[in-house]
Each structure stands twice: as structure tokens, then as C-alpha cells.
$ cat model18.pdb   # PDB, C-alpha atoms
ATOM      1  CA  MET A   1       0.000   0.000   0.000
ATOM      2  CA  LYS A   2       1.756   3.157  -1.233
ATOM      3  CA  LYS A   3       1.221   6.104   1.115
ATOM      4  CA  ASN A   4       2.138   9.773   0.963
ATOM      5  CA  THR A   5       5.519  10.596   2.470
ATOM      6  CA  ILE A   6       5.305  13.264   5.175
ATOM      7  CA  PHE A   7       8.797  14.615   4.528
ATOM      8  CA  ARG A   8      12.057  13.563   2.921
ATOM      9  CA  GLY A   9      15.363  14.615   4.456
ATOM     10  CA  THR A  10      15.863  16.016   7.958
ATOM     11  CA  GLY A  11      13.223  16.679  10.562
ATOM     12  CA  VAL A  12      14.535  18.359  13.686
ATOM     13  CA  ALA A  13      13.483  16.959  17.050
ATOM     14  CA  ILE A  14      13.478  20.489  18.379
ATOM     15  CA  VAL A  15      14.308  21.385  21.972
ATOM     16  CA  THR A  16      11.867  23.286  24.169
ATOM     17  CA  PRO A  17      13.755  26.317  25.533
ATOM     18  CA  MET A  18      13.121  27.291  29.135
ATOM     19  CA  LYS A  19      13.378  30.567  31.027
ATOM     20  CA  ALA A  20      15.362  30.901  34.247
ATOM     21  CA  ASP A  21      12.215  30.195  36.264
ATOM     22  CA  GLY A  22      11.637  26.938  34.385
ATOM     23  CA  SER A  23       8.705  28.143  32.267
ATOM     24  CA  VAL A  24       8.632  27.627  28.499
ATOM     25  CA  ASN A  25      10.366  30.405  26.568
ATOM     26  CA  TYR A  26       7.972  30.756  23.637
ATOM     27  CA  GLU A  27       9.763  33.754  22.118
ATOM     28  CA  LYS A  28      13.022  31.822  21.930
ATOM     29  CA  TYR A  29      11.157  28.758  20.680
ATOM     30  CA  ARG A  30       9.734  30.671  17.740
ATOM     31  CA  GLU A  31      13.236  31.982  16.956
ATOM     32  CA  LEU A  32      14.560  28.426  16.891
ATOM     33  CA  VAL A  33      11.766  27.251  14.591
ATOM     34  CA  GLU A  34      12.429  30.126  12.186
ATOM     35  CA  TRP A  35      16.183  29.490  12.227
ATOM     36  CA  GLN A  36      15.593  25.843  11.383
ATOM     37  CA  ILE A  37      13.431  26.751   8.386
ATOM     38  CA  GLU A  38      15.982  29.315   7.188
ATOM     39  CA  ASN A  39      18.670  26.631   7.322
ATOM     40  CA  GLY A  40      16.856  24.055   5.216
ATOM     41  CA  THR A  41      15.265  21.726   7.754
ATOM     42  CA  ASP A  42      12.469  19.728   6.133
ATOM     43  CA  ALA A  43      10.127  19.247   9.119
ATOM     44  CA  ILE A  44       9.707  20.356  12.725
ATOM     45  CA  ILE A  45       9.007  17.683  15.346
ATOM     46  CA  ALA A  46       7.512  19.419  18.377
ATOM     47  CA  CYS A  47       7.145  17.918  21.854
ATOM     48  CA  GLY A  48       9.263  14.849  21.262
ATOM     49  CA  THR A  49      11.728  13.351  23.726
ATOM     50  CA  THR A  50      14.226  16.095  22.851
ATOM     51  CA  GLY A  51      11.484  18.642  23.518
ATOM     52  CA  GLU A  52      11.077  17.291  27.075
ATOM     53  CA  SER A  53       7.489  16.255  26.400
ATOM     54  CA  SER A  54       7.407  14.103  29.522
ATOM     55  CA  THR A  55       7.749  17.187  31.731
ATOM     56  CA  LEU A  56       5.322  19.433  29.829
ATOM     57  CA  ASN A  57       1.849  19.671  31.295
ATOM     58  CA  HIS A  58      -1.155  19.443  28.977
ATOM     59  CA  GLU A  59      -1.492  23.205  28.540
ATOM     60  CA  GLU A  60       2.222  23.618  27.762
ATOM     61  CA  HIS A  61       2.161  20.663  25.381
ATOM     62  CA  THR A  62      -0.681  22.073  23.327
ATOM     63  CA  SER A  63       0.741  25.609  23.513
ATOM     64  CA  VAL A  64       4.077  24.451  22.073
ATOM     65  CA  ILE A  65       2.286  22.666  19.219
ATOM     66  CA  ARG A  66       0.204  25.789  18.584
ATOM     67  CA  ALA A  67       3.306  28.000  18.552
ATOM     68  CA  THR A  68       5.006  25.656  16.086
ATOM     69  CA  VAL A  69       2.088  25.651  13.657
ATOM     70  CA  GLU A  70       1.707  29.425  13.898
ATOM     71  CA  GLN A  71       5.414  30.056  13.290
ATOM     72  CA  VAL A  72       5.815  27.554  10.465
ATOM     73  CA  LYS A  73       2.784  28.892   8.548
ATOM     74  CA  GLY A  74       2.574  25.816   6.334
ATOM     75  CA  ARG A  75       6.089  26.142   4.914
ATOM     76  CA  ILE A  76       7.192  22.688   6.087
ATOM     77  CA  PRO A  77       5.379  19.873   7.910
ATOM     78  CA  VAL A  78       4.768  20.112  11.641
ATOM     79  CA  ILE A  79       4.822  16.757  13.420
ATOM     80  CA  ALA A  80       3.413  16.765  16.940
ATOM     81  CA  GLY A  81       4.636  14.350  19.579
ATOM     82  CA  THR A  82       1.492  12.999  21.255
ATOM     83  CA  GLY A  83       2.591   9.648  22.652
ATOM     84  CA  SER A  84       1.482   8.350  26.032
ATOM     85  CA  ASN A  85       1.291   5.062  27.880
ATOM     86  CA  GLU A  86      -2.449   5.635  28.222
ATOM     87  CA  THR A  87      -4.254   5.117  24.932
ATOM     88  CA  SER A  88      -7.187   7.369  25.804
ATOM     89  CA  TYR A  89      -4.923  10.297  26.722
ATOM     90  CA  CYS A  90      -2.878   9.765  23.565
ATOM     91  CA  ILE A  91      -6.107  10.067  21.561
ATOM     92  CA  GLU A  92      -7.093  13.224  23.459
ATOM     93  CA  LEU A  93      -3.727  14.872  22.841
ATOM     94  CA  SER A  94      -3.662  13.716  19.212
ATOM     95  CA  GLU A  95      -7.117  15.129  18.537
ATOM     96  CA  GLU A  96      -5.949  18.431  20.018
ATOM     97  CA  ALA A  97      -2.893  18.401  17.713
ATOM     98  CA  LYS A  98      -5.192  17.729  14.761
ATOM     99  CA  ARG A  99      -7.421  20.652  15.777
ATOM    100  CA  LEU A 100      -4.311  22.843  15.948
ATOM    101  CA  LYS A 101      -3.527  21.766  12.351
ATOM    102  CA  ALA A 102      -0.376  19.718  12.871
ATOM    103  CA  ASP A 103       0.428  17.747   9.732
ATOM    104  CA  ALA A 104       1.225  14.440  11.423
ATOM    105  CA  LEU A 105       1.704  12.779  14.801
ATOM    106  CA  LEU A 106       4.750  11.125  16.369
ATOM    107  CA  VAL A 107       3.560   8.478  18.826
ATOM    108  CA  VAL A 108       6.075   6.697  21.038
ATOM    109  CA  THR A 109       5.420   3.163  22.218
ATOM    110  CA  PRO A 110       3.755   2.849  25.639
ATOM    111  CA  TYR A 111       6.343   2.952  28.422
ATOM    112  CA  TYR A 112       6.470   1.552  31.967
ATOM    113  CA  ASN A 113       3.271  -0.473  31.596
ATOM    114  CA  LYS A 114       4.853  -1.449  28.235
ATOM    115  CA  THR A 115       2.441  -4.004  26.638
ATOM    116  CA  SER A 116       2.900  -6.928  24.245
ATOM    117  CA  GLN A 117       3.181  -6.898  20.459
ATOM    118  CA  ARG A 118      -0.561  -7.627  20.312
ATOM    119  CA  GLY A 119      -1.097  -4.693  22.641
ATOM    120  CA  LEU A 120       0.970  -2.442  20.381
ATOM    121  CA  ILE A 121      -1.195  -3.369  17.415
ATOM    122  CA  ALA A 122      -4.371  -2.621  19.355
ATOM    123  CA  HIS A 123      -2.946   0.631  20.798
ATOM    124  CA  TYR A 124      -1.772   2.090  17.517
ATOM    125  CA  ASN A 125      -4.750   0.972  15.431
ATOM    126  CA  THR A 126      -7.128   2.434  18.003
ATOM    127  CA  ILE A 127      -5.352   5.802  17.875
ATOM    128  CA  ALA A 128      -5.075   5.848  14.094
ATOM    129  CA  ASP A 129      -8.685   4.850  13.487
ATOM    130  CA  ARG A 130      -9.970   7.400  15.975
ATOM    131  CA  VAL A 131      -7.830  10.402  15.040
ATOM    132  CA  ARG A 132      -7.598   9.697  11.297
ATOM    133  CA  MET A 133      -4.445  11.620  10.412
ATOM    134  CA  PRO A 134      -0.884  10.533   9.449
ATOM    135  CA  LEU A 135       0.855   8.773  12.304
ATOM    136  CA  ILE A 136       4.565   8.050  12.730
ATOM    137  CA  LEU A 137       5.395   5.257  15.152
ATOM    138  CA  TYR A 138       8.349   5.927  17.460
ATOM    139  CA  ASN A 139      10.387   2.933  18.566
ATOM    140  CA  VAL A 140      13.015   3.695  21.221
ATOM    141  CA  PRO A 141      13.407   0.616  23.443
ATOM    142  CA  SER A 142      16.286   2.118  25.447
ATOM    143  CA  ARG A 143      13.739   4.506  26.979
ATOM    144  CA  THR A 144      10.508   2.515  26.927
ATOM    145  CA  GLY A 145      11.490  -1.123  27.389
ATOM    146  CA  VAL A 146       9.390  -2.004  24.321
ATOM    147  CA  ASP A 147      10.748  -2.962  20.889
ATOM    148  CA  ILE A 148       8.350  -3.083  17.937
ATOM    149  CA  GLN A 149       9.064  -6.256  15.973
ATOM    150  CA  PRO A 150       9.186  -6.359  12.149
ATOM    151  CA  GLU A 151       6.101  -8.570  11.975
ATOM    152  CA  THR A 152       4.236  -6.042  14.120
ATOM    153  CA  TYR A 153       5.253  -3.271  11.750
ATOM    154  CA  ARG A 154       3.888  -5.333   8.865
ATOM    155  CA  GLU A 155       0.511  -5.645  10.587
ATOM    156  CA  LEU A 156       0.397  -1.960  11.544
ATOM    157  CA  SER A 157       1.414  -0.861   8.047
ATOM    158  CA  LYS A 158      -1.946  -2.172   6.801
ATOM    159  CA  ASN A 159      -3.616   0.788   8.503
ATOM    160  CA  PRO A 160      -3.909   3.670   6.001
ATOM    161  CA  TYR A 161      -3.140   6.278   8.675
ATOM    162  CA  ILE A 162       0.037   4.584   9.981
ATOM    163  CA  VAL A 163       2.547   5.879   7.473
ATOM    164  CA  ALA A 164       6.059   5.768   8.961
ATOM    165  CA  VAL A 165       8.342   4.877  11.837
ATOM    166  CA  LYS A 166      11.086   6.743  13.640
ATOM    167  CA  GLU A 167      13.324   3.775  14.365
ATOM    168  CA  ALA A 168      15.784   4.163  17.234
ATOM    169  CA  ASN A 169      16.344   0.558  18.259
ATOM    170  CA  GLY A 170      19.850   0.566  16.716
ATOM    171  CA  ASN A 171      19.312  -2.931  15.328
ATOM    172  CA  MET A 172      20.081  -2.854  11.609
ATOM    173  CA  SER A 173      19.174  -6.512  11.141
ATOM    174  CA  SER A 174      15.696  -5.767  12.475
ATOM    175  CA  ILE A 175      15.445  -2.692  10.238
ATOM    176  CA  VAL A 176      16.369  -4.751   7.171
ATOM    177  CA  ARG A 177      13.610  -7.213   8.048
ATOM    178  CA  THR A 178      11.105  -4.378   8.532
ATOM    179  CA  ALA A 179      11.991  -2.865   5.176
ATOM    180  CA  ALA A 180      11.603  -6.253   3.494
ATOM    181  CA  LEU A 181       8.217  -6.932   5.093
ATOM    182  CA  CYS A 182       6.662  -3.482   4.722
ATOM    183  CA  GLY A 183       8.074  -2.006   1.520
ATOM    184  CA  ASP A 184       6.242   1.163   0.474
ATOM    185  CA  SER A 185       3.601   0.703   3.173
ATOM    186  CA  LEU A 186       5.825   2.166   5.892
ATOM    187  CA  ASP A 187       8.380   4.951   5.489
ATOM    188  CA  LEU A 188      11.523   4.606   7.586
ATOM    189  CA  TYR A 189      13.264   7.462   9.399
ATOM    190  CA  SER A 190      16.424   7.055  11.421
ATOM    191  CA  GLY A 191      15.998   8.027  15.047
ATOM    192  CA  ASN A 192      19.775   7.998  15.568
ATOM    193  CA  ASP A 193      22.061  10.633  14.077
ATOM    194  CA  ASP A 194      24.891   8.130  13.720
ATOM    195  CA  GLN A 195      22.788   5.776  11.547
ATOM    196  CA  VAL A 196      21.345   8.047   8.876
ATOM    197  CA  VAL A 197      23.243   6.565   5.941
ATOM    198  CA  PRO A 198      22.524   2.941   6.928
ATOM    199  CA  MET A 199      18.824   3.831   7.101
ATOM    200  CA  LEU A 200      18.943   5.595   3.735
ATOM    201  CA  ALA A 201      20.594   2.498   2.287
ATOM    202  CA  MET A 202      17.554   0.520   3.445
ATOM    203  CA  GLY A 203      15.286   2.846   1.492
ATOM    204  CA  GLY A 204      14.731   5.266   4.383
ATOM    205  CA  LYS A 205      13.329   8.734   3.808
ATOM    206  CA  GLY A 206      15.612  10.588   6.213
ATOM    207  CA  VAL A 207      16.216  11.291   9.873
ATOM    208  CA  ILE A 208      14.405  12.772  12.855
ATOM    209  CA  SER A 209      17.460  14.432  14.299
ATOM    210  CA  VAL A 210      18.816  15.802  17.553
ATOM    211  CA  MET A 211      22.037  17.028  15.929
ATOM    212  CA  SER A 212      20.046  19.246  13.575
ATOM    213  CA  ASN A 213      19.346  21.553  16.522
ATOM    214  CA  ILE A 214      22.886  22.904  16.055
ATOM    215  CA  LEU A 215      23.880  21.635  12.579
ATOM    216  CA  PRO A 216      20.736  21.815  10.442
ATOM    217  CA  LYS A 217      22.469  22.389   7.097
ATOM    218  CA  GLU A 218      25.083  19.696   7.636
ATOM    219  CA  THR A 219      22.576  17.102   8.858
ATOM    220  CA  ASP A 220      20.302  17.795   5.917
ATOM    221  CA  GLN A 221      23.210  17.497   3.494
ATOM    222  CA  ILE A 222      23.809  13.905   4.579
ATOM    223  CA  CYS A 223      20.354  13.140   3.221
ATOM    224  CA  GLU A 224      20.381  15.438   0.221
ATOM    225  CA  ARG A 225      23.706  14.139  -1.077
ATOM    226  CA  TRP A 226      22.383  10.609  -0.788
ATOM    227  CA  PHE A 227      19.193  11.458  -2.680
ATOM    228  CA  ALA A 228      21.253  13.216  -5.365
ATOM    229  CA  GLY A 229      23.293  10.055  -5.926
ATOM    230  CA  ASP A 230      26.428  11.268  -4.132
ATOM    231  CA  THR A 231      26.495   8.311  -1.780
ATOM    232  CA  ALA A 232      30.222   8.683  -1.146
ATOM    233  CA  GLY A 233      29.780  12.319  -0.148
ATOM    234  CA  SER A 234      26.862  11.439   2.092
ATOM    235  CA  LEU A 235      28.885   8.739   3.816
ATOM    236  CA  ALA A 236      31.859  11.069   4.227
ATOM    237  CA  MET A 237      29.660  13.598   6.037
ATOM    238  CA  GLN A 238      28.124  10.892   8.221
ATOM    239  CA  LEU A 239      31.570   9.702   9.287
ATOM    240  CA  ALA A 240      32.911  13.231   9.791
ATOM    241  CA  LEU A 241      30.037  14.009  12.160
ATOM    242  CA  SER A 242      30.162  10.710  14.017
ATOM    243  CA  ASP A 243      32.017  12.270  16.956
ATOM    244  CA  MET A 244      29.357  14.987  17.197
ATOM    245  CA  ALA A 245      26.555  12.435  17.194
ATOM    246  CA  LYS A 246      28.329  10.531  19.949
ATOM    247  CA  ALA A 247      28.983  13.651  22.015
ATOM    248  CA  LEU A 248      25.335  14.663  21.862
ATOM    249  CA  PHE A 249      24.398  11.359  23.466
ATOM    250  CA  SER A 250      27.154  11.314  26.071
ATOM    251  CA  ASP A 251      24.485  11.968  28.685
ATOM    252  CA  VAL A 252      20.712  11.519  28.752
ATOM    253  CA  ASN A 253      19.034  13.330  25.853
ATOM    254  CA  PRO A 254      18.329  16.267  25.771
ATOM    255  CA  ILE A 255      20.953  17.228  28.360
ATOM    256  CA  PRO A 256      23.928  17.366  25.934
ATOM    257  CA  ILE A 257      22.097  19.132  23.094
ATOM    258  CA  LYS A 258      20.858  21.846  25.446
ATOM    259  CA  GLU A 259      24.364  22.177  26.911
ATOM    260  CA  ALA A 260      25.759  22.448  23.369
ATOM    261  CA  MET A 261      23.227  25.088  22.359
ATOM    262  CA  ASN A 262      23.978  27.130  25.461
ATOM    263  CA  LEU A 263      27.732  26.814  24.942
ATOM    264  CA  ILE A 264      27.447  28.250  21.418
ATOM    265  CA  GLY A 265      25.201  31.104  22.545
ATOM    266  CA  MET A 266      21.728  29.882  21.621
ATOM    267  CA  ASP A 267      20.485  30.378  25.212
ATOM    268  CA  VAL A 268      17.848  27.669  25.486
ATOM    269  CA  GLY A 269      17.997  27.332  29.260
ATOM    270  CA  GLU A 270      18.273  24.257  31.408
ATOM    271  CA  CYS A 271      16.417  20.960  31.297
ATOM    272  CA  ARG A 272      13.615  20.419  33.753
ATOM    273  CA  LEU A 273      14.134  18.113  36.685
ATOM    274  CA  PRO A 274      14.773  15.251  37.035
ATOM    275  CA  LEU A 275      17.323  16.007  34.297
ATOM    276  CA  VAL A 276      20.325  18.020  35.450
ATOM    277  CA  GLY A 277      23.268  19.634  33.700
ATOM    278  CA  MET A 278      26.391  17.799  32.626
ATOM    279  CA  SER A 279      29.398  17.332  34.866
ATOM    280  CA  ASP A 280      32.334  19.691  34.349
ATOM    281  CA  SER A 281      34.340  16.955  32.624
ATOM    282  CA  GLY A 282      31.414  16.048  30.395
ATOM    283  CA  ARG A 283      30.869  19.670  29.425
ATOM    284  CA  GLU A 284      34.559  20.109  28.633
ATOM    285  CA  ALA A 285      34.537  17.038  26.377
ATOM    286  CA  LEU A 286      31.439  18.321  24.597
ATOM    287  CA  ALA A 287      32.997  21.761  24.150
ATOM    288  CA  ALA A 288      36.072  20.169  22.568
ATOM    289  CA  VAL A 289      33.914  18.541  19.898
ATOM    290  CA  LEU A 290      32.022  21.787  19.278
ATOM    291  CA  LYS A 291      35.343  23.597  18.821
ATOM    292  CA  LYS A 292      36.607  20.921  16.450
ATOM    293  CA  HIS A 293      33.591  21.525  14.225
ATOM    294  CA  GLY A 294      33.910  25.301  14.339
ATOM    295  CA  LEU A 295      30.901  25.988  16.532
ATOM    296  CA  MET A 296      32.963  27.508  19.339
ATOM    297  CA  ALA A 297      36.077  29.648  19.279
TER     298      ALA A 297
END

$ encode --input "model18.pdb" --output "C-alpha cells"
Amino acid sequence: MKKNTIFRGTGVAIVTPMKADGSVNYEKYRELVEWQIENGTDAIIACGTTGESSTLNHEEHTSVIRATVEQVKGRIPVIAGTGSNETSYCIELSEEAKRLKADALLVVTPYYNKTSQRGLIAHYNTIADRVRMPLILYNVPSRTGVDIQPETYRELSKNPYIVAVKEANGNMSSIVRTAALCGDSLDLYSGNDDQVVPMLAMGGKGVISVMSNILPKETDQICERWFAGDTAGSLAMQLALSDMAKALFSDVNPIPIKEAMNLIGMDVGECRLPLVGMSDSGREALAAVLKKHGLMA
């Protein structure tokens, strides 16, 4: 079943900037969204893991989605993170995102209460059938304890509203199997910045990226060179940025990316508790990588 692709290239899993008092800095957020568009990002993913969705209350969550849609003004797709481990709340939040005119949803697997593969099928089909808008599955077992299996993807790909997956399980053998089973029925996006080229080689459509928060042009070029047939150039960029991708996951996401943005003067504030800033040694190591890539003097 051939479905419409939401975006091709790089979607930024954008951070949610905070003020000194811990409230959302909407003015800065709009600046970040605009900067991403100016620098060639192909989609904005609001309220994902990198956007600290788990610490946003309902009003903040919907306000961030609203601000994204208003700032983007239809220029590129807006994908709203609406995942929850409670199916009914996920539907409520997804319907709100639809009302706010997001273009698609990013829905993480249920966490803590987890569920079986059969439960995943029921969960996602229930959401998709109720909300009736494009839905991207988000598989990140390191955070949720749940790993969507290729055969489960095949079953879910039969739903016309389930169009793609952000795959962050790091298991290329599983990804190969998923691509073989689903074909054009399920678009694949890398959820790991260090695995963009391997995903593209499997027919993937791009990446939902953390690194793009500071290197939007460079991250997008990995994809664009690949699509243009310059596979060697794409691979060269992937390898050249491998140390950056590693540095940005040297602590719990989004701690390092917010530290990096603050170090280079983007002033996005701190993470909300229970996340805390990096250690001095960790920050120094991160700064060394930023300097190597010309982002700091």
C-alpha cells in the first residue's frame, strides 16, 4: 500500500527552551523554529523526547504545538509528539494536535506499563482509526522497554493512517527485516544521528534528528547528497560528524544538546528536573567537539 511521504530529508526533534524560572520560553522557541526553516530543515518535530514532552503539562504541550504551527505557517510539515502510555490520553492529545492543524503525529510506544506486540497493534490501530491523520510510530526501546518487531510493523502498516516509523532501536538486522516486510507501506526514518546513511541504504526517507538543533544544514546534506546520488559524499559527512553524534548522546538526551546550544550562545535554558546539567568533565569534552567543528572559538 503506497502512502504519501510526510517529509524527505531532515526533521529536527526540536528542543523546548526554558526561562530561568523553568517556564517555556515561547519567544526563543519561535526563533529556533524560524532558524531551522531558514537553514533548510524539512520538518519540525515538536514535543518529542528532545522537547522534554514528559515534563510538559497538557497546557504547555498544546501551547508548544500551537506555537510551532503558527510560526511555520505551512512552509514545512509540523509533526506533533502525542505519545502516552495511556491510549485514551494519547487520543485526546492527538485530537488536540489535529485541531491545531499539525500535519502528522509522532507516537512513542507505551512505556512503563509497556504491553505486548498484540497490545501495540491494538494501541496504535485504536489511535489511528480514531484520530484519522498521518501517524509516525516511534520505537526507542532504550527509553521505553518495548521494541516493535518487524512482523508487528507489517501488521500496523496495513492501517492507512500509519505511514512511517522513527526507528531508534539501533538494530540494523531488524530494520532490514522491517523494510523487506513493509516495503512502500511504511516509510523509515532514522531516530539515531549516527545511523542516517545505513537507514537511507535501506530505502529510508531521512532522519528525525537531535544534531540538527545545532547543525541543520550539515545534517540535511547527509540526506540530500544521498538522494542526489552522491552516496560517497553522504557517507563522508556521516563519518565526519560521528564524533558529534556521539557527544550529543554522552548523557541523557536532551541534556547534551541543550548544553551544546547554550555553549554556542543559543540560550535555550536548562532541562527540567529530574534532568540536570552535565558534569564539568562532560561539558569540557562536549565543548572540545564543538570547537573541532567550528561551533565555538

$ closest_residue --input "model18.pdb" --among "A:Ile255, A:Ala104, A:Val176, A:Val196" --to "Pro17 of chain A" --atoms "only C-alpha atoms"
A:Ile255

$ resolve_selection --input "model18.pdb" --expression "the PyMOL selection byres ((chain A and resi 140) around 10)" --output "list in words"
Val108, Thr109, Tyr111, Leu137, Tyr138, Asn139, Pro141, Ser142, Arg143, Thr144, Gly145, Val146, Asp147, Ile148, Lys166, Glu167, Ala168, Asn169, Gly170, Gly191 and Asn192 of chain A

$ resolve_selection --input "model18.pdb" --expression "the PyMOL selection byres ((chain A and resi 248) around 10)" --output "number ranges by chain"
A: 193, 210-211, 243-247, 249-260, 286, 289

$ resolve_selection --input "model18.pdb" --expression "the PyMOL selection byres ((chain A and resi 9) around 12)" --output "PyMOL selection string"
chain A and resi 5-8+10-12+40-44+76-77+187-190+196-197+199-200+204-209+212+216-228

$ closest_residue --input "model18.pdb" --among "A:Thr231, A:Gln71, A:Gln195, A:Ser281" --to "Glu34 of chain A" --atoms "all atoms listed in the file"
A:Gln71

$ closest_residue --input "model18.pdb" --among "A:Ala236, A:Leu156, A:Ile91, A:Ile45" --to "Ile127 of chain A" --atoms "all atoms listed in the file"
A:Ile91

$ atom_distance --input "model18.pdb" --atom1 "atom CA of Ala80 of chain A" --atom2 "atom CA of Ala102 of chain A"
6.3 Å

$ atom_distance --input "model18.pdb" --atom1 "atom CA of Pro274 of chain A" --atom2 "atom CA of Gly83 of chain A"
19.7 Å

$ atom_distance --input "model18.pdb" --atom1 "atom CA of Gly48 of chain A" --atom2 "atom CA of Thr82 of chain A"
8.0 Å

$ axis_aligned_box --input "model18.pdb" --around "segment 223-238 of chain A" --padding-each-side "5 Å" --output "JSON"
{"center_x": 25.5, "center_y": 11.9, "center_z": 1.1, "size_x": 22.7, "size_y": 17.1, "size_z": 24.1}

$ residues_near_point --input "model18.pdb" --point "(6.9, -9.3, 16.2)" --cutoff "12 Å" --atoms "all atoms listed in the file" --output "ChimeraX atom specification"
/A:116-121,146-156,174,177-178,181

$ residues_around --input "model18.pdb" --residues "Lys19 of chain A" --least-positions-apart "4" --cutoff "9 Å" --atoms "all atoms listed in the file" --output "MDAnalysis selection string"
chainID A and resid 23:25 268:270

$ closest_residue --input "model18.pdb" --among "A:Met133, A:Glu96, A:Ser242, A:Gly183" --to "Ile162 of chain A" --atoms "only C-alpha atoms"
A:Met133

$ closest_residue --input "model18.pdb" --among "A:Ile14, A:Tyr89, A:Arg30, A:His61" --to "Lys73 of chain A" --atoms "all atoms listed in the file"
A:Arg30

$ closest_residue --input "model18.pdb" --among "A:Ser234, A:Thr16, A:Thr50, A:Asn113" --to "Glu31 of chain A" --atoms "only C-alpha atoms"
A:Thr16
